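S.K.: What follows is the file run.json, containing JSON, C-alpha atoms:
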```json
[["chain", "number", "residue", "atom", "x", "y", "z"],
["J", 15, "MET", "CA", 209.73, -109.45, 20.42],
["J", 16, "ILE", "CA", 206.65, -111.63, 19.90],
["J", 17, "LEU", "CA", 205.92, -109.67, 16.72],
["J", 18, "TYR", "CA", 209.29, -110.66, 15.24],
["J", 19, "PHE", "CA", 208.50, -114.27, 16.06],
["J", 20, "LEU", "CA", 205.05, -114.05, 14.47],
["J", 21, "ALA", "CA", 206.59, -112.64, 11.29],
["J", 22, "LEU", "CA", 208.94, -115.64, 11.25],
["J", 23, "VAL", "CA", 205.97, -118.00, 11.78],
["J", 24, "LEU", "CA", 204.38, -116.46, 8.70],
["J", 25, "PHE", "CA", 207.67, -117.01, 6.83],
["J", 26, "VAL", "CA", 207.73, -120.69, 7.79],
["J", 27, "MET", "CA", 204.12, -121.15, 6.71],
["J", 28, "GLY", "CA", 204.83, -119.70, 3.29],
["J", 29, "LEU", "CA", 207.89, -121.94, 2.99],
["J", 30, "TYR", "CA", 205.82, -124.98, 3.98],
["J", 31, "CYS", "CA", 203.26, -124.13, 1.31],
["J", 32, "LEU", "CA", 206.07, -123.80, -1.23],
["J", 33, "VAL", "CA", 207.68, -127.15, -0.36],
["J", 34, "ALA", "CA", 204.84, -129.49, 0.53],
["J", 35, "LYS", "CA", 201.98, -128.49, -1.78],
["J", 36, "LYS", "CA", 201.73, -129.97, -5.26],
["J", 37, "ASN", "CA", 199.49, -127.43, -6.95],
["J", 38, "ILE", "CA", 201.50, -124.75, -8.75],
["J", 39, "ILE", "CA", 199.12, -121.94, -7.83],
["J", 40, "LYS", "CA", 199.50, -123.01, -4.19],
["J", 41, "LYS", "CA", 203.28, -122.83, -4.60],
["J", 42, "ILE", "CA", 202.97, -119.29, -5.99],
["J", 43, "ILE", "CA", 200.78, -118.36, -3.02],
["J", 44, "GLY", "CA", 203.51, -119.72, -0.73],
["J", 45, "ILE", "CA", 206.10, -117.49, -2.39],
["J", 46, "VAL", "CA", 203.80, -114.46, -2.02],
["J", 47, "ILE", "CA", 203.24, -115.16, 1.72],
["J", 48, "THR", "CA", 206.99, -115.58, 2.27],
["J", 49, "GLU", "CA", 207.60, -112.24, 0.59],
["J", 50, "TYR", "CA", 205.00, -110.53, 2.78],
["J", 51, "SER", "CA", 206.55, -111.90, 5.95],
["J", 52, "ILE", "CA", 210.03, -110.71, 5.03],
["J", 53, "ASN", "CA", 208.73, -107.23, 4.20],
["J", 54, "LEU", "CA", 206.86, -107.15, 7.51],
["J", 55, "PHE", "CA", 209.96, -108.21, 9.43],
["J", 56, "LEU", "CA", 212.18, -105.54, 7.86],
["J", 57, "VAL", "CA", 209.70, -102.76, 8.56],
["J", 58, "LEU", "CA", 209.21, -104.00, 12.13],
["J", 59, "VAL", "CA", 212.96, -103.82, 12.74],
["J", 60, "GLY", "CA", 213.02, -100.18, 11.65],
["J", 61, "TRP", "CA", 210.22, -99.05, 13.95],
["J", 62, "ARG", "CA", 210.81, -97.13, 17.17],
["J", 63, "LYS", "CA", 208.47, -96.41, 20.04],
["J", 64, "GLY", "CA", 206.29, -93.39, 19.40],
["J", 65, "GLY", "CA", 207.70, -93.25, 15.90],
["J", 66, "ILE", "CA", 206.25, -91.01, 13.21],
["J", 67, "ALA", "CA", 206.49, -91.33, 9.45],
["J", 68, "PRO", "CA", 209.73, -89.76, 8.14],
["J", 69, "ILE", "CA", 207.91, -86.95, 6.32],
["J", 70, "LEU", "CA", 208.60, -83.29, 7.03],
["J", 71, "LEU", "CA", 205.17, -81.68, 7.24],
["J", 72, "LYS", "CA", 204.35, -77.98, 7.16],
["J", 73, "GLY", "CA", 205.23, -76.21, 10.40],
["J", 74, "MET", "CA", 207.24, -79.13, 11.72],
["J", 75, "GLN", "CA", 210.70, -78.64, 13.17],
["J", 76, "LYS", "CA", 213.46, -80.78, 11.72],
["J", 77, "SER", "CA", 214.63, -81.85, 15.16],
["J", 78, "GLU", "CA", 211.24, -83.51, 15.72],
["J", 79, "ILE", "CA", 211.70, -85.83, 12.76],
["J", 80, "VAL", "CA", 215.31, -86.57, 13.72],
["J", 81, "GLU", "CA", 214.22, -87.57, 17.22],
["J", 82, "LYS", "CA", 211.03, -89.48, 16.49],
["J", 83, "GLY", "CA", 211.15, -90.51, 12.84],
["J", 84, "VAL", "CA", 211.30, -94.20, 12.01],
["J", 85, "ASP", "CA", 214.16, -95.62, 9.95],
["J", 86, "PRO", "CA", 213.61, -94.60, 6.28],
["J", 87, "LEU", "CA", 216.17, -97.05, 4.87],
["J", 88, "PRO", "CA", 214.29, -100.37, 5.31],
["J", 89, "GLN", "CA", 211.14, -98.63, 4.08],
["J", 90, "ALA", "CA", 212.79, -97.58, 0.83],
["J", 91, "LEU", "CA", 214.24, -101.04, 0.24],
["J", 92, "VAL", "CA", 210.95, -102.78, 1.09],
["J", 93, "LEU", "CA", 209.22, -100.49, -1.40],
["J", 94, "THR", "CA", 211.62, -101.77, -4.07],
["J", 95, "SER", "CA", 211.07, -105.36, -3.02],
["J", 96, "ILE", "CA", 207.27, -105.15, -3.16],
["J", 97, "VAL", "CA", 207.31, -103.92, -6.74],
["J", 98, "ILE", "CA", 209.85, -106.55, -7.80],
["J", 99, "GLY", "CA", 207.62, -109.18, -6.18],
["J", 100, "LEU", "CA", 204.77, -108.10, -8.44],
["J", 101, "GLY", "CA", 206.92, -108.50, -11.57],
["J", 102, "VAL", "CA", 208.14, -111.94, -10.49],
["J", 103, "LEU", "CA", 204.57, -113.00, -9.75],
["J", 104, "ALA", "CA", 203.42, -111.93, -13.22],
["J", 105, "LEU", "CA", 206.21, -114.02, -14.78],
["J", 106, "MET", "CA", 205.37, -117.06, -12.63],
["J", 107, "VAL", "CA", 201.66, -116.90, -13.40],
["J", 108, "SER", "CA", 202.30, -116.60, -17.12],
["J", 109, "ILE", "CA", 204.50, -119.73, -17.03],
["J", 110, "CYS", "CA", 201.74, -121.53, -15.09],
["J", 111, "LEU", "CA", 199.10, -120.56, -17.65],
["J", 112, "ARG", "CA", 201.33, -121.93, -20.42],
["J", 113, "LEU", "CA", 201.79, -125.18, -18.49],
["J", 114, "TYR", "CA", 198.03, -125.42, -18.02],
["J", 115, "GLU", "CA", 197.47, -124.97, -21.74],
["J", 116, "LYS", "CA", 199.84, -127.86, -22.47],
["J", 117, "TYR", "CA", 198.96, -130.32, -19.69],
["J", 118, "LYS", "CA", 195.42, -129.26, -18.67],
["J", 119, "THR", "CA", 196.31, -129.45, -14.98],
["J", 120, "PHE", "CA", 198.08, -127.50, -12.23],
["J", 121, "ASP", "CA", 199.23, -130.64, -10.43],
["J", 122, "MET", "CA", 203.01, -130.91, -10.22],
["J", 123, "SER", "CA", 203.03, -134.72, -10.17],
["J", 124, "GLU", "CA", 201.22, -134.90, -13.52],
["J", 125, "ILE", "CA", 203.35, -132.29, -15.26],
["J", 126, "ASN", "CA", 206.55, -134.32, -15.03],
["J", 127, "ARG", "CA", 205.92, -136.26, -18.23],
["J", 128, "LEU", "CA", 208.00, -134.91, -21.09],
["J", 129, "ARG", "CA", 206.72, -134.16, -24.54],
["J", 130, "GLY", "CA", 208.61, -133.44, -27.73],
["U", 3, "MET", "CA", 199.29, -100.03, 19.70],
["U", 4, "GLU", "CA", 201.29, -103.20, 20.08],
["U", 5, "ILE", "CA", 198.16, -105.15, 20.95],
["U", 6, "PHE", "CA", 196.58, -103.95, 17.72],
["U", 7, "LEU", "CA", 199.65, -104.99, 15.73],
["U", 8, "LEU", "CA", 199.56, -108.37, 17.44],
["U", 9, "VAL", "CA", 195.90, -108.90, 16.54],
["U", 10, "LEU", "CA", 196.52, -107.93, 12.92],
["U", 11, "THR", "CA", 199.53, -110.24, 12.66],
["U", 12, "ILE", "CA", 197.55, -113.16, 14.08],
["U", 13, "PHE", "CA", 194.79, -112.31, 11.62],
["U", 14, "MET", "CA", 197.37, -112.53, 8.83],
["U", 15, "ILE", "CA", 198.53, -115.91, 10.08],
["U", 16, "VAL", "CA", 194.94, -117.22, 10.16],
["U", 17, "GLY", "CA", 194.37, -115.88, 6.65],
["U", 18, "SER", "CA", 197.47, -117.61, 5.39],
["U", 19, "ILE", "CA", 196.45, -120.91, 7.03],
["U", 20, "VAL", "CA", 193.18, -120.70, 5.08],
["U", 21, "ALA", "CA", 195.10, -119.77, 1.92],
["U", 22, "ILE", "CA", 197.39, -122.77, 2.30],
["U", 23, "GLU", "CA", 194.80, -125.38, 3.21],
["U", 24, "ALA", "CA", 191.71, -124.37, 1.19],
["U", 25, "LYS", "CA", 190.63, -126.92, -1.39],
["U", 26, "ASN", "CA", 189.27, -124.32, -3.81],
["U", 27, "LEU", "CA", 191.97, -122.24, -5.48],
["U", 28, "LEU", "CA", 189.72, -119.18, -5.80],
["U", 29, "SER", "CA", 189.04, -119.05, -2.04],
["U", 30, "SER", "CA", 192.72, -119.52, -1.36],
["U", 31, "VAL", "CA", 193.53, -116.55, -3.63],
["U", 32, "ILE", "CA", 190.95, -114.42, -1.79],
["U", 33, "SER", "CA", 192.60, -115.39, 1.51],
["U", 34, "VAL", "CA", 195.91, -114.11, 0.16],
["U", 35, "GLY", "CA", 194.02, -110.84, -0.26],
["U", 36, "ILE", "CA", 193.24, -110.92, 3.48],
["U", 37, "VAL", "CA", 196.93, -111.29, 4.27],
["U", 38, "GLY", "CA", 198.00, -108.53, 1.90],
["U", 39, "PHE", "CA", 195.47, -105.91, 2.96],
["U", 40, "SER", "CA", 196.11, -106.53, 6.67],
["U", 41, "LEU", "CA", 199.78, -106.11, 5.88],
["U", 42, "GLY", "CA", 198.90, -102.73, 4.36],
["U", 43, "ILE", "CA", 197.20, -101.67, 7.60],
["U", 44, "VAL", "CA", 200.20, -102.87, 9.63],
["U", 45, "PHE", "CA", 202.54, -100.78, 7.44],
["U", 46, "LEU", "CA", 200.30, -97.75, 7.95],
["U", 47, "MET", "CA", 200.49, -98.21, 11.73],
["U", 48, "LEU", "CA", 204.26, -98.65, 11.66],
["U", 49, "GLY", "CA", 204.76, -95.16, 10.23],
["U", 50, "ALA", "CA", 205.24, -96.20, 6.63],
["U", 51, "PRO", "CA", 202.47, -94.61, 4.55],
["U", 52, "ASP", "CA", 204.42, -94.93, 1.29],
["U", 53, "ILE", "CA", 204.74, -98.68, 1.66],
["U", 54, "ALA", "CA", 201.10, -98.98, 2.72],
["U", 55, "ILE", "CA", 199.92, -97.28, -0.48],
["U", 56, "THR", "CA", 202.23, -99.42, -2.62],
["U", 57, "GLN", "CA", 201.17, -102.56, -0.78],
["U", 58, "VAL", "CA", 197.47, -101.93, -1.39],
["U", 59, "VAL", "CA", 197.99, -101.18, -5.10],
["U", 60, "VAL", "CA", 200.27, -104.19, -5.59],
["U", 61, "GLU", "CA", 197.87, -106.42, -3.65],
["U", 62, "ILE", "CA", 195.01, -105.47, -5.96],
["U", 63, "LEU", "CA", 197.19, -106.27, -8.98],
["U", 64, "ILE", "CA", 198.28, -109.60, -7.45],
["U", 65, "LEU", "CA", 194.64, -110.52, -6.85],
["U", 66, "VAL", "CA", 193.70, -109.62, -10.42],
["U", 67, "ILE", "CA", 196.57, -111.68, -11.84],
["U", 68, "LEU", "CA", 195.91, -114.71, -9.60],
["U", 69, "ILE", "CA", 192.15, -114.63, -10.21],
["U", 70, "ARG", "CA", 192.83, -114.50, -13.93],
["U", 71, "ALA", "CA", 194.97, -117.61, -13.50],
["U", 72, "THR", "CA", 192.38, -119.55, -11.51],
["U", 73, "ILE", "CA", 188.98, -118.46, -12.78],
["U", 74, "THR", "CA", 189.12, -119.91, -16.28],
["U", 75, "THR", "CA", 190.89, -123.10, -15.25],
["U", 76, "ASP", "CA", 190.24, -126.14, -13.15],
["U", 77, "ASN", "CA", 190.30, -124.52, -9.73],
["U", 78, "THR", "CA", 190.18, -127.44, -7.35],
["U", 79, "ALA", "CA", 193.37, -128.39, -5.56],
["U", 80, "ILE", "CA", 192.50, -131.95, -4.59],
["U", 81, "GLU", "CA", 195.67, -134.00, -4.78],
["U", 82, "LYS", "CA", 195.19, -137.37, -6.38],
["U", 83, "HIS", "CA", 198.22, -139.19, -4.99],
["U", 84, "LYS", "CA", 199.05, -137.90, -1.54],
["U", 85, "ASP", "CA", 202.67, -138.05, -0.44],
["U", 86, "THR", "CA", 203.07, -137.82, 3.31],
["U", 87, "PHE", "CA", 206.87, -137.90, 3.19],
["U", 88, "PRO", "CA", 207.52, -134.28, 2.05],
["U", 89, "VAL", "CA", 204.83, -132.99, 4.40],
["U", 90, "VAL", "CA", 206.30, -134.75, 7.44],
["U", 91, "VAL", "CA", 209.92, -133.86, 6.62],
["U", 92, "SER", "CA", 209.10, -130.19, 5.96],
["U", 93, "LEU", "CA", 207.06, -129.98, 9.17],
["U", 94, "ILE", "CA", 209.98, -131.39, 11.19],
["U", 95, "PHE", "CA", 212.51, -129.02, 9.63],
["U", 96, "PHE", "CA", 210.31, -125.96, 9.91],
["U", 97, "GLY", "CA", 209.60, -126.81, 13.54],
["U", 98, "LEU", "CA", 213.34, -126.90, 14.14],
["U", 99, "PHE", "CA", 213.65, -123.60, 12.27],
["U", 100, "LEU", "CA", 211.02, -122.02, 14.53],
["U", 101, "ILE", "CA", 212.80, -123.23, 17.67],
["U", 102, "PHE", "CA", 216.06, -121.67, 16.50],
["U", 103, "ALA", "CA", 214.19, -118.54, 15.39],
["U", 104, "TYR", "CA", 212.72, -118.20, 18.87],
["U", 105, "PHE", "CA", 216.20, -118.06, 20.42],
["U", 106, "ALA", "CA", 217.57, -115.84, 17.66],
["U", 107, "VAL", "CA", 214.75, -113.33, 18.14],
["U", 108, "GLN", "CA", 215.75, -112.99, 21.81],
["U", 109, "GLU", "CA", 219.12, -111.65, 20.67],
["U", 110, "LEU", "CA", 217.62, -108.94, 18.47],
["U", 111, "PRO", "CA", 217.23, -105.42, 19.87],
["U", 112, "GLN", "CA", 213.93, -104.89, 21.68],
["U", 113, "PHE", "CA", 210.93, -104.05, 19.49],
["U", 114, "GLY", "CA", 210.48, -100.29, 19.32],
["U", 115, "ASP", "CA", 213.99, -99.62, 20.57],
["U", 116, "PRO", "CA", 216.41, -100.22, 17.70],
["U", 117, "LEU", "CA", 220.17, -99.77, 17.80],
["U", 118, "PRO", "CA", 221.57, -96.35, 16.88],
["U", 119, "ARG", "CA", 221.74, -96.19, 13.11],
["U", 120, "GLU", "CA", 224.34, -94.04, 11.41],
["U", 121, "ALA", "CA", 222.86, -94.12, 7.90],
["U", 122, "ALA", "CA", 219.32, -93.40, 9.04],
["U", 123, "ALA", "CA", 220.51, -90.58, 11.28],
["U", 124, "HIS", "CA", 222.34, -89.03, 8.34],
["U", 125, "TYR", "CA", 219.34, -89.36, 6.05],
["U", 126, "LEU", "CA", 216.95, -87.90, 8.63],
["U", 127, "ASP", "CA", 219.33, -85.08, 9.53],
["U", 128, "ASN", "CA", 220.51, -83.95, 6.10],
["U", 129, "GLY", "CA", 217.86, -85.37, 3.77],
["U", 130, "PRO", "CA", 215.73, -82.25, 3.25],
["U", 131, "GLU", "CA", 218.78, -80.00, 2.59],
["U", 132, "GLU", "CA", 220.72, -82.41, 0.41],
["U", 133, "THR", "CA", 217.89, -83.64, -1.78],
["U", 134, "GLY", "CA", 215.11, -81.10, -1.44],
["U", 135, "ALA", "CA", 212.58, -83.85, -0.73],
["U", 136, "MET", "CA", 210.34, -83.44, 2.29],
["U", 137, "ASN", "CA", 209.63, -87.17, 2.37],
["U", 138, "ILE", "CA", 212.80, -88.90, 3.50],
["U", 139, "VAL", "CA", 211.76, -92.25, 2.04],
["U", 140, "THR", "CA", 211.47, -90.60, -1.35],
["U", 141, "ALA", "CA", 214.83, -88.94, -0.80],
["U", 142, "VAL", "CA", 216.43, -92.34, -0.17],
["U", 143, "LEU", "CA", 214.58, -93.98, -3.03],
["U", 144, "LEU", "CA", 215.21, -91.40, -5.72],
["U", 145, "ASP", "CA", 218.41, -89.67, -4.65],
["U", 146, "TYR", "CA", 220.66, -91.56, -2.24],
["U", 147, "ARG", "CA", 219.91, -94.97, -3.72],
["U", 148, "ALA", "CA", 218.68, -94.06, -7.18],
["U", 149, "TYR", "CA", 220.72, -96.83, -8.80],
["U", 150, "ASP", "CA", 218.73, -99.29, -6.73],
["U", 151, "THR", "CA", 215.51, -97.90, -8.14],
["U", 152, "MET", "CA", 216.93, -98.08, -11.64],
["U", 153, "GLY", "CA", 217.73, -101.76, -11.04],
["U", 154, "GLU", "CA", 214.18, -102.25, -9.82],
["U", 155, "ALA", "CA", 212.77, -100.71, -12.98],
["U", 156, "THR", "CA", 215.08, -102.94, -15.04],
["U", 157, "VAL", "CA", 213.91, -106.08, -13.23],
["U", 158, "LEU", "CA", 210.29, -105.03, -13.69],
["U", 159, "PHE", "CA", 210.85, -104.42, -17.40],
["U", 160, "ALA", "CA", 212.62, -107.76, -17.85],
["U", 161, "SER", "CA", 209.90, -109.71, -16.05],
["U", 162, "ILE", "CA", 207.08, -108.04, -17.98],
["U", 163, "VAL", "CA", 208.87, -108.65, -21.30],
["U", 164, "GLY", "CA", 209.36, -112.28, -20.22],
["U", 165, "ALA", "CA", 205.67, -112.67, -19.36],
["U", 166, "PHE", "CA", 204.70, -111.10, -22.67],
["U", 167, "VAL", "CA", 206.99, -113.45, -24.63],
["U", 168, "ILE", "CA", 205.71, -116.51, -22.77],
["U", 169, "LEU", "CA", 202.05, -115.63, -23.21],
["U", 170, "ARG", "CA", 202.39, -114.72, -26.90],
["U", 171, "ARG", "CA", 200.27, -116.95, -29.11],
["U", 172, "ARG", "CA", 202.60, -117.33, -32.07],
["U", 173, "GLY", "CA", 206.31, -118.00, -31.71],
["U", 174, "ARG", "CA", 207.40, -116.23, -34.86],
["U", 175, "LYS", "CA", 205.92, -114.18, -37.66],
["U", 176, "HIS", "CA", 203.53, -115.85, -40.04],
["U", 177, "ARG", "CA", 205.50, -116.55, -43.20],
["U", 178, "LYS", "CA", 203.90, -115.67, -46.48],
["U", 179, "ASP", "CA", 203.60, -118.34, -49.17],
["U", 180, "GLU", "CA", 206.09, -116.58, -51.42],
["U", 181, "ASP", "CA", 208.81, -116.92, -48.81],
["U", 182, "THR", "CA", 208.36, -120.65, -48.28],
["U", 183, "GLU", "CA", 208.22, -121.48, -52.01],
["U", 184, "LYS", "CA", 211.83, -120.61, -52.68],
["U", 185, "VAL", "CA", 213.31, -122.67, -49.83],
["U", 186, "GLY", "CA", 215.53, -125.59, -50.84],
["U", 187, "ILE", "CA", 217.51, -126.33, -53.97],
["U", 188, "LEU", "CA", 216.79, -123.81, -56.65],
["U", 189, "GLU", "CA", 215.52, -124.86, -60.06],
["U", 190, "ASP", "CA", 217.21, -123.63, -63.22],
["U", 191, "GLU", "CA", 214.41, -121.17, -63.93],
["U", 192, "ASP", "CA", 214.63, -119.72, -60.49],
["U", 193, "ILE", "CA", 218.38, -119.26, -60.84],
["U", 194, "LYS", "CA", 217.87, -117.49, -64.14],
["U", 195, "LYS", "CA", 215.14, -115.33, -62.67],
["U", 196, "ASN", "CA", 217.18, -114.45, -59.61],
["U", 197, "PHE", "CA", 220.33, -113.56, -61.52],
["U", 198, "GLU", "CA", 218.70, -111.77, -64.45],
["U", 199, "GLY", "CA", 220.17, -108.47, -63.47],
["U", 200, "PHE", "CA", 223.77, -109.62, -63.63]]
```
Would you mind writing the file out in structure tokens?
M.R.:
Amino acid sequence: MILYFLALVLFVMGLYCLVAKKNIIKKIIGIVITEYSINLFLVLVGWRKGGIAPILLKGMQKSEIVEKGVDPLPQALVLTSIVIGLGVLALMVSICLRLYEKYKTFDMSEINRLRG
Amino acid sequence: MEIFLLVLTIFMIVGSIVAIEAKNLLSSVISVGIVGFSLGIVFLMLGAPDIAITQVVVEILILVILIRATITTDNTAIEKHKDTFPVVVSLIFFGLFLIFAYFAVQELPQFGDPLPREAAAHYLDNGPEETGAMNIVTAVLLDYRAYDTMGEATVLFASIVGAFVILRRRGRKHRKDEDTEKVGILEDEDIKKNFEGF
């Protein structure tokens, strides 16, 4: 119960970093922390007490994994989400580097001037 | 077990506080590394070795990318004109969010005792026979929900192509001098030269 709440605290902190900070790299860090907290929350929901990884090892009965295995579905979807997060981060950082080349700063409030 | 998870989660929260409030961008990036690697350990303890491996690899890549972004640039995050208004408003709203989250979390099923899950039961029961994969996560990823993985690969491809296009030095191919000479209204000689064959 408290673990769910702590994951949500992490979510709120990432969101705060995304909204209130002016530096673009800080904003990216906020997005990354938010992503981590959501992944953590989904995996926490799938866990069960005394759970084992849903892998059928040598000499293991199938009933054992059916009884004690944790939920494989959130794990598979979180796996997808982690990799997509990496791609999105690469795109964001490349846009930031371009902005830095043009404006020589990462500060949001100085980037708002337009140039032809 | 739960105590250990609790300690690691609090460690992650402390790391993210440092990452958010540090004045130097490089130290804030390193603190993101703290959060990510502890998250890897938490995944390992929650019975998800596949995600733990992926998390560690992706975390290393994220650190490399972010350090590349900060190390050659001006890496101080001192804000010149401080606005207190967005900070105060976001703190109020996120405090409200946390209060509601606290009551919403009470309604969730107890930690470690989830509701009966039809899909997961089917995957765990019939996964090895239906797909031939001993790892059920792999069975879900590459057989039951293979279209999802294909979409993931597509998104990854699109984002990497986008990053490549954005970071490319030159927008279009360098034109040779011969190409640019003949642009515009043609002279009589050029017309003759061009239409000699006819």
S.K.: Which is closest to chain U among J:Ile16, J:Leu113, J:Ala67, J:Leu58, if we use all atoms listed in the file?
M.R.: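 Using all atoms listed in the file, chain U sits closest to J:Ala67.
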S.K.: Which protein, DNA or RNA residues have an atom at most 10 Å from (192.3, -113.2, 7.1), counting only C-alpha atoms? List them as a ChimeraX atom specification.
M.R.: /U:10-21,32-40
S.K.: Just want the 12 Å neighbourhood of segment 151-159 of chain U, counted on all atoms listed in the file, with same-chain residues fewer than 3 positions away dropped. Output as a VMD selection string.
M.R.: (chain J and resid 90 to 105) or (chain U and resid 140 to 148 162 to 166)
S.K.: Keeping C-alpha atoms for every residue in the selection just given, could you write it to a file as a PDB file, keeping the file's coordinate frame?
M.R.:
```
ATOM      1  CA  ALA J  90     212.790 -97.580   0.830  1.00  0.00           C
ATOM      2  CA  LEU J  91     214.240-101.040   0.240  1.00  0.00           C
ATOM      3  CA  VAL J  92     210.950-102.780   1.090  1.00  0.00           C
ATOM      4  CA  LEU J  93     209.220-100.490  -1.400  1.00  0.00           C
ATOM      5  CA  THR J  94     211.620-101.770  -4.070  1.00  0.00           C
ATOM      6  CA  SER J  95     211.070-105.360  -3.020  1.00  0.00           C
ATOM      7  CA  ILE J  96     207.270-105.150  -3.160  1.00  0.00           C
ATOM      8  CA  VAL J  97     207.310-103.920  -6.740  1.00  0.00           C
ATOM      9  CA  ILE J  98     209.850-106.550  -7.800  1.00  0.00           C
ATOM     10  CA  GLY J  99     207.620-109.180  -6.180  1.00  0.00           C
ATOM     11  CA  LEU J 100     204.770-108.100  -8.440  1.00  0.00           C
ATOM     12  CA  GLY J 101     206.920-108.500 -11.570  1.00  0.00           C
ATOM     13  CA  VAL J 102     208.140-111.940 -10.490  1.00  0.00           C
ATOM     14  CA  LEU J 103     204.570-113.000  -9.750  1.00  0.00           C
ATOM     15  CA  ALA J 104     203.420-111.930 -13.220  1.00  0.00           C
ATOM     16  CA  LEU J 105     206.210-114.020 -14.780  1.00  0.00           C
TER      17      LEU J 105
ATOM     18  CA  THR U 140     211.470 -90.600  -1.350  1.00  0.00           C
ATOM     19  CA  ALA U 141     214.830 -88.940  -0.800  1.00  0.00           C
ATOM     20  CA  VAL U 142     216.430 -92.340  -0.170  1.00  0.00           C
ATOM     21  CA  LEU U 143     214.580 -93.980  -3.030  1.00  0.00           C
ATOM     22  CA  LEU U 144     215.210 -91.400  -5.720  1.00  0.00           C
ATOM     23  CA  ASP U 145     218.410 -89.670  -4.650  1.00  0.00           C
ATOM     24  CA  TYR U 146     220.660 -91.560  -2.240  1.00  0.00           C
ATOM     25  CA  ARG U 147     219.910 -94.970  -3.720  1.00  0.00           C
ATOM     26  CA  ALA U 148     218.680 -94.060  -7.180  1.00  0.00           C
ATOM     27  CA  ILE U 162     207.080-108.040 -17.980  1.00  0.00           C
ATOM     28  CA  VAL U 163     208.870-108.650 -21.300  1.00  0.00           C
ATOM     29  CA  GLY U 164     209.360-112.280 -20.220  1.00  0.00           C
ATOM     30  CA  ALA U 165     205.670-112.670 -19.360  1.00  0.00           C
ATOM     31  CA  PHE U 166     204.700-111.100 -22.670  1.00  0.00           C
TER      32      PHE U 166
END
```
S.K.: Please, which residues of chain J lie no more than 6 Å from chain U when the count uses all atoms listed in the file, and can they be set out as a list of chain:residue names?
M.R.: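 Output check: J:Met15, J:Ala34, J:Trp61, J:Arg62, J:Lys63, J:Ile66, J:Ala67, J:Pro68, J:Ile69, J:Leu70, J:Val80, J:Asp85, J:Pro86, J:Ala90, J:Leu93, J:Gly101, J:Leu105, J:Ser108.
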S.K.: Please produce an output containing C-alpha atoms for each residue in the selection, written as a PDB file, in the frame of the given file.
M.R.:
```pdb
ATOM      1  CA  MET J  15     209.730-109.450  20.420  1.00  0.00           C
ATOM      2  CA  ALA J  34     204.840-129.490   0.530  1.00  0.00           C
ATOM      3  CA  TRP J  61     210.220 -99.050  13.950  1.00  0.00           C
ATOM      4  CA  ARG J  62     210.810 -97.130  17.170  1.00  0.00           C
ATOM      5  CA  LYS J  63     208.470 -96.410  20.040  1.00  0.00           C
ATOM      6  CA  ILE J  66     206.250 -91.010  13.210  1.00  0.00           C
ATOM      7  CA  ALA J  67     206.490 -91.330   9.450  1.00  0.00           C
ATOM      8  CA  PRO J  68     209.730 -89.760   8.140  1.00  0.00           C
ATOM      9  CA  ILE J  69     207.910 -86.950   6.320  1.00  0.00           C
ATOM     10  CA  LEU J  70     208.600 -83.290   7.030  1.00  0.00           C
ATOM     11  CA  VAL J  80     215.310 -86.570  13.720  1.00  0.00           C
ATOM     12  CA  ASP J  85     214.160 -95.620   9.950  1.00  0.00           C
ATOM     13  CA  PRO J  86     213.610 -94.600   6.280  1.00  0.00           C
ATOM     14  CA  ALA J  90     212.790 -97.580   0.830  1.00  0.00           C
ATOM     15  CA  LEU J  93     209.220-100.490  -1.400  1.00  0.00           C
ATOM     16  CA  GLY J 101     206.920-108.500 -11.570  1.00  0.00           C
ATOM     17  CA  LEU J 105     206.210-114.020 -14.780  1.00  0.00           C
ATOM     18  CA  SER J 108     202.300-116.600 -17.120  1.00  0.00           C
TER      19      SER J 108
END
```
S.K.: Which value, in Å to one decimal, gives the distance between atom CA of Val107 of chain J and atom CA of Thr48 of chain J?
M.R.: 16.6 Å
S.K.: If you take every atom of segment 28-34 of chain J that the file lists and fit an axis-aligned box around them with 4 Å extra on each side, what centre and edge lengths come out in Å to one decimal, as lines of an AutoDock Vina configuration file?
M.R.:
```
center_x = 205.6
center_y = -124.6
center_z = 1.4
size_x = 12.6
size_y = 17.8
size_z = 13.2
```
S.K.: Using atom CA of Val58 of chain U and atom CA of Thr133 of chain U as the two end points, give the distance in Å to one decimal.
M.R.: 27.4 Å
S.K.: May I have the residues within 7 Å of Asp121 of chain J as a PyMOL selection string, using all atoms listed in the file and disregarding those fewer than 3 positions away in the same chain?
M.R.: chain J and resi 36-38+124-125
S.K.: Scan for residues within 12 Å of the point (206.0, -122.5, -3.1) in the coordinates of the file, using all atoms listed in the file, and reply as a list of chain:residue names.
M.R.: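 Residues found, by chain and rising number: J:Phe25, J:Val26, J:Met27, J:Gly28, J:Leu29, J:Tyr30, J:Cys31, J:Leu32, J:Val33, J:Ala34, J:Lys35, J:Lys36, J:Asn37, J:Ile38, J:Ile39, J:Lys40, J:Lys41, J:Ile42, J:Ile43, J:Gly44, J:Ile45, J:Val46, J:Ile47, J:Thr48, J:Glu49, J:Leu103, J:Met106, J:Met122, U:Ile22.
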